[in-house]
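Enquirer: Dropping a structure here in structure tokens format, bear with me for questions.
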Amino acid sequence: MRILLIGGGGREHALAWKLAQSEQVTEIFVAPGNPGIAELPKCACVTLDLNDLDKVADYAEANSIDLTVVGPEATLVAGIADVFKGRGLPVFGPSKAAAQLEGSKAFSKNLMAKYAIPTAFFKICEDIETAKAYVEEKGAPIVVKADGLAAGKGVVVAMTKAEALAAIDDMMADHKFGNAGARVVLEEFMEGEEASLLAFTDGKTVVPMIAAQDHKRVYDGDEGPNTGGMGTYAPAPVMTDVLRLKATETILKPVVEAMAAEGTPYQGCLYAGLMIKGDSIKVVEFNCRFGDPETQVILPLLEGDLAEIMLACATGTLADVNVSWSNKAAVCVVMASGGYPVSYENGKEITGLDAAAADKDTVVFHAGTKAVDGKVVTAGGRVLGVTACDENIRAARDRAYAAVEKIHFDDNFYRKDIAWRALKR
């Protein structure tokens with residue numbers, strides 16, 4: 001099987017790493033890829049114009065690609081799956097219409113309201129005046145969300161009215177997230193513990209993955225602004241087997257059935273960000289792709305053949321495939337550039353990568369790196385996802401941090417408390 005993988009971050013490094021382990025896979029072409037992916041067996045990084053989806057499809061046809069796997073949400077929201085399906089090319093990822101589940105918070109909330117899928121109370125606001133009036137009426141805490149894609153940063157959990165009003169100005173007046181903030185969704189503040197439950201689906205069958213927990217805030221103790229994720233671990237003990245089954249039956253399956261009923265069947269990876277309080281589960285958000293950095297801890301625990309599973313999702317045969325999971329645990333610590341998530345410098349040499357990866361149960365996934373003159377240098381805010389597996393979360397965490405200590409680049413920082421909630425239990 002020849003695979004084309006779209007993307008070049010830590011999520012795609014994890015996908016390529018797992019796909020390369022499949023005996024059915026002979027070659028993986030990754031566009032654009034990164035220096036970590038370039039070193040994987042069977043993998044080659046290629047340059048494609050991802051803004052010209054027809055040319056990407058031309059490449060797939062010319063290179064006899066058997067399956068295209070799409071990592072980034074923006075490419076899915078742009079409609080790459082429609083272009084490929086229109087040519088009869090198998091693709092893992094939802095259609096443009098189905099990707100609106102992530103591409104528009106308003107679409108997602110309206111769908112959940114229509115089909116009684118549990119989520120926070122909300123109001124969709126098309127203008128600043130309406131949004132501010134709602135905040136004045138409801139008070140704080142309240143959650144302000146940009147309607148469109150904002151790279152995981154378009155959400156403000158405002159603990160005061162002033163914070164909420166400032167967030168509305170940022171999004172709607174100052175266009176901090178471009179067109180994504182032209183419309184906002186205001187939501188009730190939900191208390192509880194968050195977890196991410198991803199699922200494989202072919203539009204009919206839904207197979208949940210192992211639950212993970214992400215650390216969104218930039219500093220220890222969950223302080224500071226939201227980021228794309230500073231680390232993660234799996235399985236998340238807050239999502240017990242009973243709750244995972246409940247989430248599958250009350251959220252994952254109903255939303256896939258709802259999308260089919262709307263005439264926009266959903267196929268690919270469905271990501272549900274969930275708020276758990278006691279035995280109550282509500283949807284925080286849906287994403288139309290694998291999470292980053294959740295993928296980096298979920299895929300090392302997958303014992304099935306990822307390429308076979310993805311092809312089954314693309315061809316409507318997921319019910320025929322066995323998906324099984326390891327009983328181990330995985331922890332990922334993100335090493336970031338100083339100043340992230342606001343401003344940071346690129347181009348700093350990274351050393352110690354080989355030493356960190358010498359442990360067979362540790363993988364260093366590249367998120368924001370590039371190769372310059374034979375050296376690997378920083379090229380992003382989140383630079384590396386140092387991931388380790390072991391018998392339990394404490395042991396996996398110790399192994400991940402031991403690897404982190406072997407890696408160096410100027411001005412790097414990372415959270416020292418990844419998986420603290422699990423260990424507190």
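Residue numbers start at 1 in each chain; chains themselves are named A, B, ... in the order of the structure tokens; ligands are numbered from 1 in the order shown.
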Just want the 12 Å neighbourhood of A:Pro32, counted on only C-alpha atoms, with same-chain residues fewer than 5 positions away dropped. Output as JSON, numbers by chain.

Expert: {"A": [4, 5, 6, 7, 8, 9, 12, 13, 37, 38, 43, 44, 45, 46, 47, 48, 49, 50, 56, 70, 71, 72, 369, 370]}

Enquirer: If DSSP is run on the backbone, what residues of stretch 132-350 of chain A are helix (DSSP H, G or I)? A reply as number ranges by chain would be ideal.

Expert: A: 132-138, 161-173, 178-181, 241-261, 295-301, 306-315, 318-320

Enquirer: Please produce a file of those selected residues containing C-alpha atoms, as a CSV table (one decimal), in the first residue's frame.

Expert:
chain,number,residue,atom,x,y,z
A,132,LYS,CA,-21.7,42.1,24.8
A,133,ALA,CA,-25.3,42.4,25.8
A,134,TYR,CA,-25.4,38.7,26.4
A,135,VAL,CA,-22.3,38.8,28.6
A,136,GLU,CA,-23.9,41.7,30.6
A,137,GLU,CA,-27.0,39.6,31.0
A,138,LYS,CA,-25.4,36.3,32.0
A,161,LYS,CA,-17.1,40.1,32.6
A,162,ALA,CA,-14.2,42.3,31.8
A,163,GLU,CA,-12.2,39.3,30.4
A,164,ALA,CA,-15.2,38.2,28.3
A,165,LEU,CA,-15.8,41.7,26.9
A,166,ALA,CA,-12.1,42.0,26.1
A,167,ALA,CA,-12.2,38.6,24.3
A,168,ILE,CA,-15.2,39.7,22.2
A,169,ASP,CA,-13.2,42.9,21.2
A,170,ASP,CA,-10.2,40.8,20.3
A,171,MET,CA,-12.2,38.5,18.1
A,172,MET,CA,-14.8,40.7,16.6
A,173,ALA,CA,-13.3,44.2,16.5
A,178,GLY,CA,-9.1,36.8,11.1
A,179,ASN,CA,-12.4,35.7,9.7
A,180,ALA,CA,-12.7,33.0,12.3
A,181,GLY,CA,-13.9,35.6,14.9
A,241,ASP,CA,-14.7,2.1,31.0
A,242,VAL,CA,-18.3,2.8,32.0
A,243,LEU,CA,-18.0,6.5,31.0
A,244,ARG,CA,-16.2,5.7,27.8
A,245,LEU,CA,-19.1,3.4,26.8
A,246,LYS,CA,-21.6,6.1,27.9
A,247,ALA,CA,-19.8,8.7,25.8
A,248,THR,CA,-19.8,6.4,22.8
A,249,GLU,CA,-23.6,5.7,23.1
A,250,THR,CA,-24.8,9.2,24.0
A,251,ILE,CA,-22.3,11.4,22.0
A,252,LEU,CA,-20.1,9.7,19.4
A,253,LYS,CA,-22.7,7.4,17.8
A,254,PRO,CA,-25.5,10.0,17.9
A,255,VAL,CA,-23.4,12.7,16.2
A,256,VAL,CA,-22.3,10.3,13.4
A,257,GLU,CA,-26.0,9.3,13.0
A,258,ALA,CA,-27.0,13.0,13.0
A,259,MET,CA,-24.4,13.8,10.3
A,260,ALA,CA,-25.8,11.0,8.1
A,261,ALA,CA,-29.4,12.2,8.7
A,295,THR,CA,-2.3,11.4,18.7
A,296,GLN,CA,1.3,11.2,20.1
A,297,VAL,CA,0.0,9.1,23.1
A,298,ILE,CA,-3.0,7.3,21.6
A,299,LEU,CA,-1.2,5.7,18.6
A,300,PRO,CA,1.6,4.1,20.6
A,301,LEU,CA,-1.1,2.2,22.5
A,306,LEU,CA,-3.5,1.7,11.4
A,307,ALA,CA,-3.3,1.6,7.6
A,308,GLU,CA,-5.9,-1.2,7.5
A,309,ILE,CA,-8.2,0.6,9.9
A,310,MET,CA,-7.9,3.9,8.0
A,311,LEU,CA,-8.5,2.2,4.6
A,312,ALA,CA,-11.6,0.5,6.1
A,313,CYS,CA,-12.9,4.0,7.3
A,314,ALA,CA,-12.4,5.3,3.8
A,315,THR,CA,-14.2,2.4,2.1
A,318,LEU,CA,-14.7,-0.6,9.5
A,319,ALA,CA,-17.1,-3.2,11.0
A,320,ASP,CA,-14.8,-5.9,9.5

Enquirer: Identify, on the basis of only C-alpha atoms, every residue whose closest approach to A:Ser196 does not exceed 8 Å; exclude the query and any residue fewer than 5 positions from it along the same chain; express the result as a list in words.

Expert: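 Near neighbours after the sequence-gap exclusion: Ala211, Ala212, Gln213, Asp214, Tyr271, Ala272, Gly273, Leu274 and Glu294 of chain A.
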
Enquirer: Could you write those residues out with all heavy atoms, as a JSON list (two decimals), in the first residue's frame?

Expert:
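This went into part-v9.json:
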[["chain", "number", "residue", "atom", "x", "y", "z"],
["A", 211, "ALA", "N", -9.08, 7.04, 25.74],
["A", 211, "ALA", "CA", -9.24, 8.45, 26.11],
["A", 211, "ALA", "C", -7.91, 9.05, 26.55],
["A", 211, "ALA", "O", -7.09, 8.38, 27.20],
["A", 211, "ALA", "CB", -10.26, 8.58, 27.24],
["A", 212, "ALA", "N", -7.69, 10.31, 26.19],
["A", 212, "ALA", "CA", -6.46, 11.03, 26.56],
["A", 212, "ALA", "C", -6.85, 12.31, 27.28],
["A", 212, "ALA", "O", -8.00, 12.75, 27.23],
["A", 212, "ALA", "CB", -5.65, 11.35, 25.32],
["A", 213, "GLN", "N", -5.87, 12.89, 27.97],
["A", 213, "GLN", "CA", -6.10, 14.20, 28.59],
["A", 213, "GLN", "C", -4.97, 15.14, 28.21],
["A", 213, "GLN", "O", -3.79, 14.82, 28.37],
["A", 213, "GLN", "CB", -6.20, 14.08, 30.12],
["A", 213, "GLN", "CG", -6.70, 15.37, 30.76],
["A", 213, "GLN", "CD", -7.02, 15.21, 32.22],
["A", 213, "GLN", "OE1", -6.13, 15.02, 33.04],
["A", 213, "GLN", "NE2", -8.30, 15.26, 32.57],
["A", 214, "ASP", "N", -5.37, 16.29, 27.68],
["A", 214, "ASP", "CA", -4.44, 17.31, 27.18],
["A", 214, "ASP", "C", -4.21, 18.36, 28.26],
["A", 214, "ASP", "O", -5.05, 18.54, 29.14],
["A", 214, "ASP", "CB", -5.08, 17.95, 25.93],
["A", 214, "ASP", "CG", -4.17, 18.92, 25.21],
["A", 214, "ASP", "OD1", -2.96, 18.94, 25.52],
["A", 214, "ASP", "OD2", -4.67, 19.66, 24.36],
["A", 271, "TYR", "N", -13.13, 13.61, 16.77],
["A", 271, "TYR", "CA", -12.52, 13.97, 18.06],
["A", 271, "TYR", "C", -13.58, 14.68, 18.90],
["A", 271, "TYR", "O", -14.12, 15.69, 18.48],
["A", 271, "TYR", "CB", -11.33, 14.90, 17.78],
["A", 271, "TYR", "CG", -10.67, 15.60, 18.95],
["A", 271, "TYR", "CD1", -9.29, 15.51, 19.13],
["A", 271, "TYR", "CD2", -11.38, 16.43, 19.81],
["A", 271, "TYR", "CE1", -8.65, 16.19, 20.16],
["A", 271, "TYR", "CE2", -10.75, 17.11, 20.86],
["A", 271, "TYR", "CZ", -9.40, 16.98, 21.01],
["A", 271, "TYR", "OH", -8.77, 17.66, 22.02],
["A", 272, "ALA", "N", -13.86, 14.13, 20.07],
["A", 272, "ALA", "CA", -14.79, 14.78, 21.00],
["A", 272, "ALA", "C", -14.02, 15.25, 22.23],
["A", 272, "ALA", "O", -13.44, 14.44, 22.94],
["A", 272, "ALA", "CB", -15.91, 13.82, 21.39],
["A", 273, "GLY", "N", -14.01, 16.57, 22.45],
["A", 273, "GLY", "CA", -13.51, 17.12, 23.70],
["A", 273, "GLY", "C", -14.66, 17.12, 24.68],
["A", 273, "GLY", "O", -15.71, 17.71, 24.39],
["A", 274, "LEU", "N", -14.50, 16.45, 25.81],
["A", 274, "LEU", "CA", -15.61, 16.22, 26.72],
["A", 274, "LEU", "C", -15.34, 16.80, 28.10],
["A", 274, "LEU", "O", -14.20, 16.82, 28.56],
["A", 274, "LEU", "CB", -15.86, 14.71, 26.86],
["A", 274, "LEU", "CG", -16.11, 13.96, 25.54],
["A", 274, "LEU", "CD1", -16.15, 12.46, 25.80],
["A", 274, "LEU", "CD2", -17.40, 14.44, 24.90],
["A", 294, "GLU", "N", -2.66, 14.75, 21.37],
["A", 294, "GLU", "CA", -3.27, 13.48, 21.79],
["A", 294, "GLU", "C", -2.82, 12.29, 20.94],
["A", 294, "GLU", "O", -2.63, 11.19, 21.46],
["A", 294, "GLU", "CB", -4.80, 13.58, 21.74],
["A", 294, "GLU", "CG", -5.41, 14.47, 22.80],
["A", 294, "GLU", "CD", -5.61, 15.89, 22.34],
["A", 294, "GLU", "OE1", -5.01, 16.28, 21.31],
["A", 294, "GLU", "OE2", -6.37, 16.62, 23.00]]

Enquirer: Of the candidates A:Lys153, A:Lys123, A:Arg11, A:Lys96, which shows the shortest atom-to-atom distance to A:Asp292, using only C-alpha atoms?

Expert: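 Of A:Lys153, A:Lys123, A:Arg11, A:Lys96, the one nearest A:Asp292, counting only C-alpha atoms, is A:Arg11.
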
Enquirer: Can you pull out every residue from stretch 37-113 of chain A that DSSP, working from the backbone, puts in strand (DSSP E), and format the result as a list in words?

Expert: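 Taking stretch 37-113 of chain A and keeping strand (DSSP E) gives Cys43, Ala44, Cys45, Leu67, Thr68, Val69, Val70, Val91 and Phe92 of chain A.
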
Enquirer: Would you please work out which residue, of A:Arg217, A:Arg415, A:His408, A:Lys105, is nearest to A:Val284 when using only C-alpha atoms?

Expert: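 Looking only at the distances to A:Val284, the closest residue turns out to be A:Lys105.
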
Enquirer: Between A:Ser337, A:Ser108, A:Asn392, A:Thr240, which is the closest to A:Asn287 once you count only C-alpha atoms?

Expert: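 Distance minimum relative to A:Asn287 lands on A:Ser108.
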
Enquirer: May I ask for the distance between atom CA of A:Arg397 and atom CA of A:Ala422, given in Å to one decimal place?

Expert: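 Going from atom CA of A:Arg397 over to atom CA of A:Ala422, I get 10.8 Å.
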
Enquirer: Pick from A:Ala367, A:Ile128, A:Ile65, A:Met230: nearest to A:Val218, with only C-alpha atoms counted?

Expert: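 For A:Val218, the nearest of the given residues is A:Met230.
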
Enquirer: Fewer than 4 positions away in the same chain doesn't count, so skip those; otherwise give me all residues within 9 Å of A:Asp390, counting only C-alpha atoms, as a list in words.

Expert: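 Those residues are Lys328, Ala329, Ala330, Val331, Asp361, Arg394, Ala395, Ala396, Arg397 and Arg399 of chain A.
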
Enquirer: Can you tell me, as an MDAnalysis selection string, what residues are no more than 10 Å from A:Asp354 when counting only C-alpha atoms, ignoring any on the same chain fewer than 3 positions away?

Expert: chainID A and resid 351 357:359 364 403 406:407

Enquirer: Just checking: using only C-alpha atoms, which residue out of A:Arg87, A:Gly203, A:Val323, A:Leu19 ends up closest to A:Gly304?

Expert: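 Checking each of A:Arg87, A:Gly203, A:Val323, A:Leu19 against A:Gly304, counting only C-alpha atoms, the winner is A:Val323.
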
Enquirer: Go through A:Ala60, A:Lys282, A:Thr227, A:Lys375 one by one, measure the shortest atom-to-atom distance of each to A:Gly36 using only C-alpha atoms, and give the residue with the smallest value.

Expert: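 Of all the options, A:Lys375 lies closest to A:Gly36.
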
Enquirer: Show which residues sit within 12 Å of A:Leu89, as a PyMOL selection string. Count only C-alpha atoms, and ignore same-chain residues fewer than 4 positions away.

Expert: chain A and resi 3-4+54+56-69+80-85+311+314-315

Enquirer: Could you check how far atom CA of A:Ser326 sits from atom CA of A:Ile393, in Å to one decimal?

Expert: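 Straight-line distance from atom CA of A:Ser326 to atom CA of A:Ile393 works out to 13.1 Å.
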